[in-house]
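Notes for the one structure printed next.
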Amino acid sequence: MKCKRCRKADAAVDLPSHNSAFCPGCFFLFFRRQVVEGIRTLSLLSPEDRVLVCVSGGKDSLVLWDVLMELGYRTEGLHIDLGIEGYSDRSREKVLAYAGARGKEPIVVDLRAEGIPIPEAAKRARKEECSVCGTVKRYFFNRIAARRGFTVVATGHNLDDESARLLGNLLHWDQDHLSRQHPLLPEMAEGLVRKVKPLWRVSELETAAYGFLSGIDYVTEECPMSLDATSLVYKEALSLIEEKMPGTRRHFYQGFLHQNRDVPGNSGAPGRRECGNHDEKNTGGEASPPRKCISCDAPTYTETCSYCRLKERVTKARERL
Ligand code: SF4
Ligand code: ZN
């Protein structure tokens, strides 16, 4: 099959959801345009931004960093080593190798050195690994960005991630999460920087193709903690539908964004706010500003932020041994 754009070279990537097929050169063009369009339509980034790109070592985040650099944004990478035996070491190696080859030195937060490696912390705090991981990652995203003068944090969530999350939120009619699901979460207060997902228009398949064709060496194994994650079930369900009806995933997610034009936090609605620590509540009738955690100074709606509370719980459980 020939490339449907240039009609000369052989097609290397078949994209039924766009009723198209591209040769490598035209695919790169297509992919970058999708990202540019995603950034432009939702005003995710501006050329003045200093972007902190969260890189796990997987394909999506490395591809995101790659494209943003290509597009000329001022970026630095942040890698959080989760302290998962074997997997975290391999992930960190990939990030360092990718960055090193481009003359970059990523910021690395080592959770073992911080005394809060995810598997142990989850066990001691008697919580799910992914819930602990979410709290810790959000905390460091905000902290590093605020302390080092980044204006925005970018993560590599793609269309498959976001549509699976949307399906899960809809199946549970989780209004609270639905109201905050958006590729842009504006800065809420000092220390709670803007979060963006510039890959929201591109699918996992497209990201994988970009990674492969541009020779990015990423960690291919899934995080071992993700094996029973419910999000994978939603992804599979959507893949099944997508196979029969190409383009459904895109219509599903874009339709949701179209109907919910309010960027979270811009509507002036009170209630839960995206905080450094996601599960904290702003319980006031009015949207009141966060205060400072008495232990670490991070913005929080309670006396102590949820990261510090988690860390204290883990430390105490460790001491009881
Ligand atoms: Fe963290 Fe869970 Fe994702 Fe692993 S699967 S990186 S533990 S959120
Ligand atoms: Zn704190």
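Quick note on naming: the chains in the structure tokens go A, B, ... in the order shown, residues restart at 1 in each chain, and ligands are numbered from 1 in order of appearance.
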Residue set, region 54-151 of chain A restricted to strand (DSSP E or B), as a PyMOL selection string: chain A and resi 54+74-81+107-110
Contacts to ligand 1 at 6 Å cut-off (only C-alpha atoms and all ligand atoms) as a PyMOL selection string: chain A and resi 129-130+133-134+223+225-226
For the structure I just gave you, how does DSSP split region 22-122 of chain A - specifically, which residues are helix (DSSP H, G or I)? Reply as a compact mmCIF listing (two decimals) with all heavy atoms, in the first residue's frame.
```txt
# COMPACT_ATOMS: atom_id res chain seq x y z
N PRO A 24 7.05 6.76 6.61
CA PRO A 24 7.64 7.34 7.82
C PRO A 24 7.68 8.87 7.81
O PRO A 24 7.27 9.51 8.79
CB PRO A 24 9.05 6.73 7.85
CG PRO A 24 8.88 5.41 7.19
CD PRO A 24 7.87 5.64 6.09
N GLY A 25 8.14 9.46 6.71
CA GLY A 25 8.26 10.92 6.65
C GLY A 25 6.92 11.61 6.85
O GLY A 25 6.80 12.56 7.63
N CYS A 26 5.89 11.12 6.15
CA CYS A 26 4.57 11.74 6.26
C CYS A 26 3.94 11.45 7.63
O CYS A 26 3.16 12.26 8.14
CB CYS A 26 3.65 11.25 5.14
SG CYS A 26 4.16 11.89 3.52
N PHE A 27 4.29 10.29 8.20
CA PHE A 27 3.75 9.98 9.53
C PHE A 27 4.28 10.97 10.57
O PHE A 27 3.53 11.47 11.41
CB PHE A 27 4.09 8.54 9.95
CG PHE A 27 3.67 8.24 11.36
CD1 PHE A 27 2.32 8.12 11.70
CD2 PHE A 27 4.61 8.14 12.37
CE1 PHE A 27 1.93 7.89 13.01
CE2 PHE A 27 4.23 7.92 13.69
CZ PHE A 27 2.87 7.79 14.01
N PHE A 28 5.59 11.27 10.52
CA PHE A 28 6.15 12.24 11.47
C PHE A 28 5.43 13.58 11.35
O PHE A 28 5.12 14.23 12.35
CB PHE A 28 7.65 12.43 11.22
CG PHE A 28 8.49 11.29 11.75
CD1 PHE A 28 9.43 10.67 10.94
CD2 PHE A 28 8.34 10.85 13.05
CE1 PHE A 28 10.19 9.62 11.43
CE2 PHE A 28 9.10 9.79 13.54
CZ PHE A 28 10.03 9.18 12.72
N LEU A 29 5.18 13.97 10.11
CA LEU A 29 4.48 15.23 9.86
C LEU A 29 3.09 15.19 10.49
O LEU A 29 2.66 16.12 11.18
CB LEU A 29 4.36 15.40 8.35
CG LEU A 29 4.43 16.79 7.79
CD1 LEU A 29 5.82 17.37 8.02
CD2 LEU A 29 4.12 16.76 6.30
N PHE A 30 2.38 14.09 10.22
CA PHE A 30 1.03 13.89 10.76
C PHE A 30 1.06 13.95 12.29
O PHE A 30 0.26 14.65 12.93
CB PHE A 30 0.48 12.53 10.29
CG PHE A 30 -0.66 12.01 11.12
CD1 PHE A 30 -1.97 12.44 10.88
CD2 PHE A 30 -0.43 11.09 12.14
CE1 PHE A 30 -3.01 11.96 11.66
CE2 PHE A 30 -1.48 10.62 12.93
CZ PHE A 30 -2.77 11.05 12.68
N PHE A 31 2.00 13.21 12.89
CA PHE A 31 2.06 13.10 14.35
C PHE A 31 2.31 14.48 14.98
O PHE A 31 1.62 14.89 15.91
CB PHE A 31 3.17 12.12 14.73
CG PHE A 31 3.16 11.74 16.19
CD1 PHE A 31 2.47 10.63 16.63
CD2 PHE A 31 3.86 12.49 17.13
CE1 PHE A 31 2.45 10.27 17.97
CE2 PHE A 31 3.85 12.15 18.48
CZ PHE A 31 3.15 11.03 18.90
N ARG A 32 3.30 15.17 14.45
CA ARG A 32 3.63 16.50 15.02
C ARG A 32 2.44 17.46 14.87
O ARG A 32 2.15 18.23 15.78
CB ARG A 32 4.86 17.08 14.33
CG ARG A 32 6.12 16.43 14.87
CD ARG A 32 7.39 17.10 14.37
NE ARG A 32 8.48 16.14 14.47
CZ ARG A 32 9.15 15.62 13.46
NH1 ARG A 32 8.87 16.01 12.23
NH2 ARG A 32 10.09 14.72 13.65
N ARG A 33 1.77 17.36 13.74
CA ARG A 33 0.59 18.24 13.54
C ARG A 33 -0.49 17.96 14.58
O ARG A 33 -1.15 18.87 15.06
CB ARG A 33 0.01 18.04 12.14
CG ARG A 33 0.74 18.90 11.15
CD ARG A 33 0.03 18.90 9.81
NE ARG A 33 0.86 19.52 8.82
CZ ARG A 33 0.83 19.26 7.53
NH1 ARG A 33 -0.02 18.37 7.07
NH2 ARG A 33 1.62 19.88 6.70
N GLN A 34 -0.67 16.68 14.89
CA GLN A 34 -1.66 16.31 15.90
C GLN A 34 -1.30 16.93 17.25
O GLN A 34 -2.16 17.44 17.97
CB GLN A 34 -1.75 14.78 16.05
CG GLN A 34 -2.36 14.07 14.87
CD GLN A 34 -3.84 14.37 14.73
OE1 GLN A 34 -4.57 14.52 15.70
NE2 GLN A 34 -4.31 14.52 13.50
N VAL A 35 -0.02 16.86 17.59
CA VAL A 35 0.42 17.41 18.88
C VAL A 35 0.28 18.93 18.88
O VAL A 35 -0.25 19.52 19.83
CB VAL A 35 1.87 16.98 19.20
CG1 VAL A 35 2.33 17.57 20.53
CG2 VAL A 35 2.00 15.45 19.24
N VAL A 36 0.70 19.55 17.80
CA VAL A 36 0.60 21.02 17.69
C VAL A 36 -0.87 21.45 17.82
O VAL A 36 -1.20 22.38 18.55
CB VAL A 36 1.19 21.51 16.35
CG1 VAL A 36 0.83 22.96 16.09
CG2 VAL A 36 2.70 21.34 16.35
N GLU A 37 -1.73 20.73 17.15
CA GLU A 37 -3.17 21.03 17.19
C GLU A 37 -3.72 20.86 18.60
O GLU A 37 -4.51 21.67 19.08
CB GLU A 37 -3.88 20.10 16.20
CG GLU A 37 -5.32 20.42 15.89
CD GLU A 37 -5.53 21.80 15.27
OE1 GLU A 37 -4.54 22.46 14.91
OE2 GLU A 37 -6.71 22.20 15.20
N GLY A 38 -3.29 19.79 19.26
CA GLY A 38 -3.73 19.53 20.65
C GLY A 38 -3.27 20.64 21.58
O GLY A 38 -4.00 21.04 22.49
N ILE A 39 -2.08 21.16 21.37
CA ILE A 39 -1.55 22.24 22.21
C ILE A 39 -2.29 23.54 21.89
O ILE A 39 -2.70 24.28 22.78
CB ILE A 39 -0.02 22.41 21.98
CG1 ILE A 39 0.73 21.18 22.50
CG2 ILE A 39 0.49 23.68 22.65
CD1 ILE A 39 2.22 21.16 22.16
N ARG A 40 -2.49 23.78 20.60
CA ARG A 40 -3.10 25.05 20.17
C ARG A 40 -4.57 25.17 20.59
O ARG A 40 -4.96 26.15 21.18
CB ARG A 40 -2.98 25.18 18.65
CG ARG A 40 -3.35 26.54 18.09
CD ARG A 40 -3.50 26.51 16.57
NE ARG A 40 -4.58 25.63 16.12
CZ ARG A 40 -5.88 25.93 16.15
NH1 ARG A 40 -6.26 27.11 16.59
NH2 ARG A 40 -6.80 25.07 15.74
N THR A 41 -5.35 24.13 20.30
CA THR A 41 -6.80 24.26 20.56
C THR A 41 -7.10 24.46 22.05
O THR A 41 -8.09 25.11 22.39
CB THR A 41 -7.60 23.03 20.08
OG1 THR A 41 -6.94 21.86 20.54
CG2 THR A 41 -7.74 22.98 18.59
N LYS A 59 7.46 4.59 26.50
CA LYS A 59 7.43 5.24 25.19
C LYS A 59 6.74 6.61 25.18
O LYS A 59 7.22 7.54 24.57
CB LYS A 59 6.81 4.32 24.13
CG LYS A 59 5.34 4.08 24.33
CD LYS A 59 4.75 3.25 23.24
CE LYS A 59 3.27 3.04 23.43
NZ LYS A 59 2.78 2.78 24.79
N ASP A 60 5.60 6.69 25.88
CA ASP A 60 4.80 7.92 25.77
C ASP A 60 5.56 9.14 26.28
O ASP A 60 5.59 10.17 25.62
CB ASP A 60 3.48 7.76 26.53
CG ASP A 60 2.67 6.60 25.99
OD1 ASP A 60 2.41 6.59 24.79
OD2 ASP A 60 2.34 5.68 26.76
N SER A 61 6.17 9.00 27.45
CA SER A 61 6.82 10.19 28.01
C SER A 61 8.09 10.55 27.23
O SER A 61 8.38 11.73 27.04
CB SER A 61 7.13 9.98 29.49
OG SER A 61 7.88 8.82 29.70
N LEU A 62 8.83 9.55 26.73
CA LEU A 62 10.03 9.88 25.95
C LEU A 62 9.64 10.48 24.60
O LEU A 62 10.29 11.41 24.11
CB LEU A 62 10.92 8.64 25.77
CG LEU A 62 11.67 8.20 27.04
CD1 LEU A 62 12.52 6.96 26.78
CD2 LEU A 62 12.54 9.31 27.62
N VAL A 63 8.57 9.96 24.01
CA VAL A 63 8.10 10.54 22.75
C VAL A 63 7.63 11.98 22.98
O VAL A 63 7.94 12.88 22.20
CB VAL A 63 6.96 9.67 22.13
CG1 VAL A 63 6.20 10.44 21.05
CG2 VAL A 63 7.53 8.38 21.56
N LEU A 64 6.94 12.20 24.09
CA LEU A 64 6.49 13.56 24.40
C LEU A 64 7.70 14.51 24.50
O LEU A 64 7.69 15.60 23.91
CB LEU A 64 5.72 13.57 25.74
CG LEU A 64 5.40 14.96 26.29
CD1 LEU A 64 4.44 15.71 25.38
CD2 LEU A 64 4.80 14.86 27.69
N TRP A 65 8.71 14.09 25.23
CA TRP A 65 9.89 14.95 25.39
C TRP A 65 10.52 15.24 24.03
O TRP A 65 10.86 16.36 23.69
CB TRP A 65 10.89 14.28 26.34
CG TRP A 65 11.92 15.23 26.91
CD1 TRP A 65 11.93 16.59 26.79
CD2 TRP A 65 13.06 14.88 27.69
NE1 TRP A 65 13.02 17.10 27.45
CE2 TRP A 65 13.73 16.08 28.01
CE3 TRP A 65 13.59 13.67 28.16
CZ2 TRP A 65 14.90 16.11 28.78
CZ3 TRP A 65 14.75 13.70 28.93
CH2 TRP A 65 15.40 14.90 29.23
N ASP A 66 10.60 14.17 23.22
CA ASP A 66 11.19 14.27 21.88
C ASP A 66 10.44 15.30 21.02
O ASP A 66 11.04 16.18 20.42
CB ASP A 66 11.11 12.88 21.23
CG ASP A 66 12.18 12.68 20.18
OD1 ASP A 66 13.34 12.48 20.57
OD2 ASP A 66 11.85 12.75 18.98
N VAL A 67 9.12 15.17 21.00
CA VAL A 67 8.32 16.07 20.14
C VAL A 67 8.40 17.50 20.64
O VAL A 67 8.53 18.44 19.85
CB VAL A 67 6.84 15.62 20.08
CG1 VAL A 67 6.02 16.51 19.17
CG2 VAL A 67 6.73 14.20 19.59
N LEU A 68 8.32 17.68 21.96
CA LEU A 68 8.37 19.05 22.49
C LEU A 68 9.71 19.70 22.19
O LEU A 68 9.78 20.89 21.86
CB LEU A 68 8.09 19.07 24.00
CG LEU A 68 6.66 18.71 24.42
CD1 LEU A 68 6.50 18.83 25.93
CD2 LEU A 68 5.61 19.57 23.72
N MET A 69 10.78 18.92 22.25
CA MET A 69 12.10 19.48 21.89
C MET A 69 12.12 19.84 20.41
O MET A 69 12.58 20.90 20.03
CB MET A 69 13.22 18.48 22.21
CG MET A 69 13.61 18.49 23.68
SD MET A 69 15.18 17.66 23.98
CE MET A 69 14.69 15.98 24.15
N GLU A 70 11.59 18.91 19.58
CA GLU A 70 11.51 19.16 18.13
C GLU A 70 10.74 20.44 17.83
O GLU A 70 11.07 21.17 16.91
CB GLU A 70 10.75 18.01 17.45
CG GLU A 70 11.57 16.77 17.21
CD GLU A 70 12.25 16.84 15.87
OE1 GLU A 70 11.65 17.43 14.95
OE2 GLU A 70 13.36 16.29 15.75
N TYR A 87 12.63 -3.24 37.63
CA TYR A 87 11.89 -2.39 36.68
C TYR A 87 12.34 -0.93 36.76
O TYR A 87 12.57 -0.27 35.74
CB TYR A 87 10.38 -2.51 36.98
CG TYR A 87 9.54 -1.51 36.24
CD1 TYR A 87 9.27 -1.66 34.89
CD2 TYR A 87 9.01 -0.39 36.90
CE1 TYR A 87 8.51 -0.73 34.20
CE2 TYR A 87 8.25 0.54 36.22
CZ TYR A 87 8.00 0.37 34.88
OH TYR A 87 7.25 1.29 34.21
N SER A 88 12.47 -0.42 37.98
CA SER A 88 12.86 0.99 38.13
C SER A 88 14.28 1.22 37.65
O SER A 88 14.59 2.27 37.07
CB SER A 88 12.73 1.43 39.59
OG SER A 88 11.38 1.52 39.94
N ASP A 89 15.16 0.25 37.87
CA ASP A 89 16.55 0.41 37.42
C ASP A 89 16.61 0.46 35.90
O ASP A 89 17.31 1.28 35.31
CB ASP A 89 17.40 -0.75 37.95
CG ASP A 89 17.24 -0.89 39.46
OD1 ASP A 89 17.56 0.07 40.17
OD2 ASP A 89 16.74 -1.95 39.91
N ARG A 90 15.84 -0.43 35.26
CA ARG A 90 15.84 -0.45 33.79
C ARG A 90 15.21 0.82 33.23
O ARG A 90 15.68 1.38 32.23
CB ARG A 90 15.10 -1.70 33.28
CG ARG A 90 15.86 -3.01 33.56
CD ARG A 90 15.20 -4.19 32.89
NE ARG A 90 13.97 -4.62 33.54
CZ ARG A 90 13.90 -5.41 34.62
NH1 ARG A 90 15.00 -5.85 35.20
NH2 ARG A 90 12.74 -5.76 35.14
N SER A 91 14.17 1.31 33.88
CA SER A 91 13.50 2.53 33.41
C SER A 91 14.45 3.72 33.51
O SER A 91 14.55 4.54 32.60
CB SER A 91 12.25 2.82 34.25
OG SER A 91 11.39 1.73 34.20
N ARG A 92 15.13 3.81 34.63
CA ARG A 92 16.04 4.93 34.86
C ARG A 92 17.16 4.94 33.82
O ARG A 92 17.52 5.98 33.29
CB ARG A 92 16.62 4.80 36.26
CG ARG A 92 17.47 5.95 36.72
CD ARG A 92 17.79 5.71 38.17
NE ARG A 92 18.68 6.68 38.76
CZ ARG A 92 18.74 6.92 40.06
NH1 ARG A 92 17.97 6.27 40.89
NH2 ARG A 92 19.59 7.80 40.54
N GLU A 93 17.69 3.72 33.53
CA GLU A 93 18.75 3.60 32.51
C GLU A 93 18.29 4.16 31.17
O GLU A 93 19.04 4.86 30.48
CB GLU A 93 19.11 2.13 32.30
CG GLU A 93 20.25 1.65 33.18
CD GLU A 93 20.39 0.14 33.09
OE1 GLU A 93 20.12 -0.43 32.01
OE2 GLU A 93 20.74 -0.47 34.13
N LYS A 94 17.06 3.83 30.79
CA LYS A 94 16.55 4.30 29.48
C LYS A 94 16.45 5.82 29.46
O LYS A 94 16.79 6.46 28.46
CB LYS A 94 15.16 3.71 29.19
CG LYS A 94 15.13 2.20 29.08
CD LYS A 94 15.78 1.68 27.83
CE LYS A 94 15.67 0.17 27.75
NZ LYS A 94 16.55 -0.44 26.77
N VAL A 95 15.98 6.39 30.55
CA VAL A 95 15.84 7.85 30.60
C VAL A 95 17.21 8.51 30.51
O VAL A 95 17.42 9.45 29.73
CB VAL A 95 15.12 8.29 31.92
CG1 VAL A 95 15.16 9.81 32.07
CG2 VAL A 95 13.69 7.80 31.92
N LEU A 96 18.17 7.99 31.29
CA LEU A 96 19.50 8.59 31.29
C LEU A 96 20.15 8.46 29.91
O LEU A 96 20.80 9.40 29.43
CB LEU A 96 20.39 7.94 32.36
CG LEU A 96 19.95 8.21 33.81
CD1 LEU A 96 20.87 7.51 34.80
CD2 LEU A 96 19.90 9.71 34.11
N ALA A 97 19.97 7.30 29.27
CA ALA A 97 20.58 7.09 27.95
C ALA A 97 19.95 8.03 26.92
O ALA A 97 20.65 8.65 26.11
CB ALA A 97 20.39 5.64 27.51
N TYR A 98 18.61 8.15 26.96
CA TYR A 98 17.92 9.03 26.00
C TYR A 98 18.39 10.47 26.19
O TYR A 98 18.75 11.15 25.22
CB TYR A 98 16.38 8.96 26.21
CG TYR A 98 15.66 9.97 25.36
CD1 TYR A 98 15.31 9.68 24.05
CD2 TYR A 98 15.38 11.24 25.86
CE1 TYR A 98 14.69 10.62 23.25
CE2 TYR A 98 14.76 12.20 25.06
CZ TYR A 98 14.42 11.88 23.76
OH TYR A 98 13.83 12.83 22.97
N ALA A 99 18.39 10.92 27.43
CA ALA A 99 18.76 12.31 27.71
C ALA A 99 20.22 12.56 27.37
O ALA A 99 20.56 13.56 26.72
CB ALA A 99 18.49 12.62 29.19
N GLY A 100 21.08 11.63 27.78
CA GLY A 100 22.52 11.79 27.54
C GLY A 100 22.83 11.95 26.06
O GLY A 100 23.65 12.78 25.67
N ALA A 101 22.15 11.17 25.22
CA ALA A 101 22.38 11.23 23.77
C ALA A 101 21.97 12.59 23.19
O ALA A 101 22.35 12.93 22.08
CB ALA A 101 21.61 10.11 23.08
N ILE A 118 7.94 2.87 46.44
CA ILE A 118 6.50 2.56 46.33
C ILE A 118 6.09 1.19 46.91
O ILE A 118 5.15 1.14 47.72
CB ILE A 118 6.03 2.68 44.85
CG1 ILE A 118 6.24 4.13 44.36
CG2 ILE A 118 4.59 2.26 44.68
CD1 ILE A 118 5.53 5.20 45.17
N PRO A 119 6.76 0.07 46.55
CA PRO A 119 6.25 -1.20 47.07
C PRO A 119 6.26 -1.26 48.60
O PRO A 119 5.29 -1.68 49.22
CB PRO A 119 7.23 -2.24 46.49
CG PRO A 119 7.86 -1.56 45.32
CD PRO A 119 7.92 -0.11 45.67
N GLU A 120 7.34 -0.78 49.21
CA GLU A 120 7.42 -0.83 50.68
C GLU A 120 6.43 0.16 51.31
O GLU A 120 5.74 -0.16 52.27
CB GLU A 120 8.85 -0.51 51.14
CG GLU A 120 9.07 -0.87 52.60
CD GLU A 120 10.04 0.06 53.31
OE1 GLU A 120 10.86 0.70 52.64
OE2 GLU A 120 9.96 0.13 54.55
N ALA A 121 6.36 1.35 50.72
CA ALA A 121 5.46 2.37 51.28
C ALA A 121 4.01 1.88 51.25
O ALA A 121 3.26 2.07 52.21
CB ALA A 121 5.59 3.67 50.48
N ALA A 122 3.61 1.23 50.15
CA ALA A 122 2.23 0.74 50.02
C ALA A 122 1.95 -0.33 51.08
O ALA A 122 0.90 -0.34 51.70
CB ALA A 122 2.01 0.19 48.61
```
Would you list the residues that come within 8 Å of ligand 2? Count only C-alpha atoms and all ligand atoms and give the answer as a short mmCIF file (atom, residue, chain, number, x, y, z; two decimals) with N, CA, C and O atoms, in the first residue's frame.
```cif
data_model
loop_
_atom_site.label_atom_id
_atom_site.label_comp_id
_atom_site.auth_asym_id
_atom_site.auth_seq_id
_atom_site.Cartn_x
_atom_site.Cartn_y
_atom_site.Cartn_z
N LYS A 292 -0.09 26.32 53.91
CA LYS A 292 1.17 25.58 53.79
C LYS A 292 1.21 24.41 54.75
O LYS A 292 0.82 24.55 55.92
N CYS A 293 1.71 23.29 54.26
CA CYS A 293 1.88 22.11 55.11
C CYS A 293 2.83 22.47 56.25
O CYS A 293 3.88 23.08 56.01
N ILE A 294 2.45 22.12 57.49
CA ILE A 294 3.29 22.51 58.63
C ILE A 294 4.63 21.79 58.62
O ILE A 294 5.58 22.20 59.26
N SER A 295 4.69 20.71 57.85
CA SER A 295 5.93 19.95 57.87
C SER A 295 6.86 20.29 56.69
O SER A 295 8.08 20.32 56.85
N CYS A 296 6.29 20.54 55.49
CA CYS A 296 7.18 20.70 54.33
C CYS A 296 6.91 21.97 53.52
O CYS A 296 7.58 22.19 52.51
N ASP A 297 5.89 22.75 53.93
CA ASP A 297 5.58 24.00 53.23
C ASP A 297 4.80 23.83 51.92
O ASP A 297 4.49 24.82 51.26
N ALA A 298 4.51 22.60 51.52
CA ALA A 298 3.76 22.39 50.26
C ALA A 298 2.33 22.91 50.44
O ALA A 298 1.80 22.89 51.56
N PRO A 299 1.68 23.38 49.36
CA PRO A 299 0.29 23.83 49.48
C PRO A 299 -0.62 22.66 49.87
O PRO A 299 -0.45 21.55 49.34
N THR A 300 -1.52 22.90 50.78
CA THR A 300 -2.41 21.83 51.24
C THR A 300 -3.70 22.44 51.78
O THR A 300 -3.72 23.59 52.18
N THR A 304 -1.45 19.08 57.49
CA THR A 304 -0.26 18.41 56.95
C THR A 304 -0.63 17.85 55.58
O THR A 304 -1.70 17.27 55.42
N CYS A 305 0.25 17.98 54.62
CA CYS A 305 -0.09 17.50 53.27
C CYS A 305 -0.13 15.98 53.24
O CYS A 305 0.43 15.31 54.12
N SER A 306 -0.77 15.41 52.22
CA SER A 306 -0.96 13.96 52.24
C SER A 306 0.36 13.22 52.01
O SER A 306 0.51 12.09 52.45
N TYR A 307 1.33 13.87 51.37
CA TYR A 307 2.64 13.22 51.22
C TYR A 307 3.29 13.08 52.60
O TYR A 307 3.79 12.01 52.95
N CYS A 308 3.28 14.14 53.37
CA CYS A 308 3.91 14.09 54.70
C CYS A 308 3.17 13.10 55.61
O CYS A 308 3.80 12.39 56.39
N ARG A 309 1.84 13.07 55.48
CA ARG A 309 1.08 12.11 56.30
C ARG A 309 1.44 10.68 55.92
O ARG A 309 1.63 9.82 56.77
#
```
Test item: residues at most 10 Å from Ala208 (chain A), only C-alpha atoms, excluding those fewer than 3 positions along its chain, as a ChimeraX atom specification: /A:58-60,63,203-205,211-214,216,218
7 Å contact set for region 153-157 of chain A, only C-alpha atoms, chain neighbours under 3 positions out, as number ranges by chain: A: 51-54, 60-61, 64, 141, 161-162, 193-197, 199-200
Could you take the residues named above and write them with C-alpha atoms, as a compact mmCIF listing (two decimals), in the first residue's frame?
```
# COMPACT_ATOMS: atom_id res chain seq x y z
CA VAL A 51 8.33 22.86 30.64
CA LEU A 52 9.10 20.11 33.12
CA VAL A 53 8.49 16.85 31.24
CA CYS A 54 7.85 13.84 33.45
CA ASP A 60 4.80 7.92 25.77
CA SER A 61 6.82 10.19 28.01
CA LEU A 64 6.49 13.56 24.40
CA PHE A 141 5.95 17.18 40.17
CA ASP A 161 -5.12 6.61 28.59
CA GLU A 162 -7.56 9.49 28.68
CA VAL A 193 1.74 24.48 38.83
CA ARG A 194 -0.19 24.04 35.59
CA LYS A 195 -0.39 20.42 34.33
CA VAL A 196 -0.79 19.56 30.67
CA LYS A 197 -1.14 16.43 28.54
CA LEU A 199 -0.43 13.92 23.60
CA TRP A 200 -4.17 13.83 24.27
```
Close residues, Thr315 (chain A) itself excluded, 10 Å, only C-alpha atoms, min 5 positions apart in chain, as JSON, numbers by chain: {"A": [115, 116, 121, 124, 125, 309, 310, 320]}
Output for the residues just chosen: all heavy atoms as a tab-separated table (two decimals), in the first residue's frame:
```tsv
chain	number	residue	atom	x	y	z
A	115	GLY	N	13.34	7.57	51.19
A	115	GLY	CA	12.76	6.73	52.25
A	115	GLY	C	11.32	6.33	51.98
A	115	GLY	O	10.60	5.95	52.89
A	116	ILE	N	10.91	6.39	50.70
A	116	ILE	CA	9.51	6.06	50.40
A	116	ILE	C	9.38	5.30	49.07
A	116	ILE	O	8.59	5.67	48.19
A	116	ILE	CB	8.63	7.34	50.49
A	116	ILE	CG1	7.14	7.00	50.56
A	116	ILE	CG2	8.92	8.34	49.39
A	116	ILE	CD1	6.31	8.02	51.25
A	121	ALA	N	6.36	1.35	50.72
A	121	ALA	CA	5.46	2.37	51.28
A	121	ALA	C	4.01	1.88	51.25
A	121	ALA	O	3.26	2.07	52.21
A	121	ALA	CB	5.59	3.67	50.48
A	124	ARG	N	3.51	-0.80	53.99
A	124	ARG	CA	3.51	-0.25	55.36
A	124	ARG	C	2.28	0.62	55.62
A	124	ARG	O	1.75	0.65	56.71
A	124	ARG	CB	4.76	0.59	55.59
A	124	ARG	CG	6.04	-0.17	55.37
A	124	ARG	CD	6.91	-0.19	56.61
A	124	ARG	NE	8.15	-0.90	56.35
A	124	ARG	CZ	8.31	-2.21	56.50
A	124	ARG	NH1	7.29	-2.96	56.90
A	124	ARG	NH2	9.46	-2.79	56.23
A	125	ALA	N	1.86	1.37	54.57
A	125	ALA	CA	0.70	2.26	54.76
A	125	ALA	C	-0.62	1.52	54.53
A	125	ALA	O	-1.69	2.09	54.69
A	125	ALA	CB	0.81	3.45	53.82
A	309	ARG	N	1.84	13.07	55.48
A	309	ARG	CA	1.08	12.11	56.30
A	309	ARG	C	1.44	10.68	55.92
A	309	ARG	O	1.63	9.82	56.77
A	309	ARG	CB	-0.42	12.34	56.13
A	309	ARG	CG	-0.94	13.45	57.05
A	309	ARG	CD	-2.43	13.60	56.95
A	309	ARG	NE	-2.78	14.43	55.81
A	309	ARG	CZ	-3.74	14.16	54.95
A	309	ARG	NH1	-4.47	13.08	55.08
A	309	ARG	NH2	-3.99	14.97	53.95
A	310	LEU	N	1.56	10.46	54.61
A	310	LEU	CA	1.91	9.13	54.13
A	310	LEU	C	3.30	8.74	54.64
A	310	LEU	O	3.52	7.64	55.14
A	310	LEU	CB	1.89	9.13	52.59
A	310	LEU	CG	2.39	7.88	51.90
A	310	LEU	CD1	1.41	6.72	52.07
A	310	LEU	CD2	2.60	8.13	50.40
A	320	ARG	N	8.01	0.30	64.06
A	320	ARG	CA	7.35	-0.72	64.91
A	320	ARG	C	7.95	-2.10	64.70
A	320	ARG	O	7.71	-3.00	65.46
A	320	ARG	CB	5.86	-0.76	64.58
A	320	ARG	CG	5.05	0.30	65.34
A	320	ARG	CD	3.58	-0.05	65.39
A	320	ARG	NE	2.97	-0.06	64.06
A	320	ARG	CZ	2.45	1.02	63.49
A	320	ARG	NH1	2.47	2.18	64.12
A	320	ARG	NH2	1.91	0.96	62.30
```
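For Gln259 (chain A), the non-local neighbours within 12 Å, defined as residues at least 6 positions apart in the same chain or in other chains and counting only C-alpha atoms, are Leu178, Ser179, His182, His251, Phe252 and Tyr253 of chain A.
For the atom pair formed by CA of Glu105 (chain A) and CA of Glu221 (chain A), the distance is 23.6 Å, given to one decimal.
Distance annotation: of A:Gln181, A:Leu111, A:Pro246, A:Tyr301, the residue with the minimal separation from Glu85 (chain A) is A:Leu111; atom set is only C-alpha atoms.
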Which of A:Leu238, A:Glu190, A:Ala146, A:Arg180 sits closest to Asn260 (chain A) [using only C-alpha atoms]: A:Arg180
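The residue that comes closest to Asp262 (chain A), out of A:Leu78, A:Val13, A:Ile107, A:Leu185 and on the basis of only C-alpha atoms, is A:Leu185.
Comparing the minimum interatomic distances between Leu232 (chain A) and each of A:Gly168, A:Pro289, A:Pro16, A:Pro106, counting only C-alpha atoms, we find that A:Gly168 sits nearest.
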Residue contacts of Arg249 (chain A) (12 Å, only C-alpha atoms) excluding same-chain residues fewer than 5 positions away, as a VMD selection string: chain A and resid 16 to 18 158 to 167 200 to 204 234 to 244 254 to 256
For CA of Ala145 (chain A) and CA of Thr75 (chain A), the interatomic separation in Å (one decimal): 11.6 Å
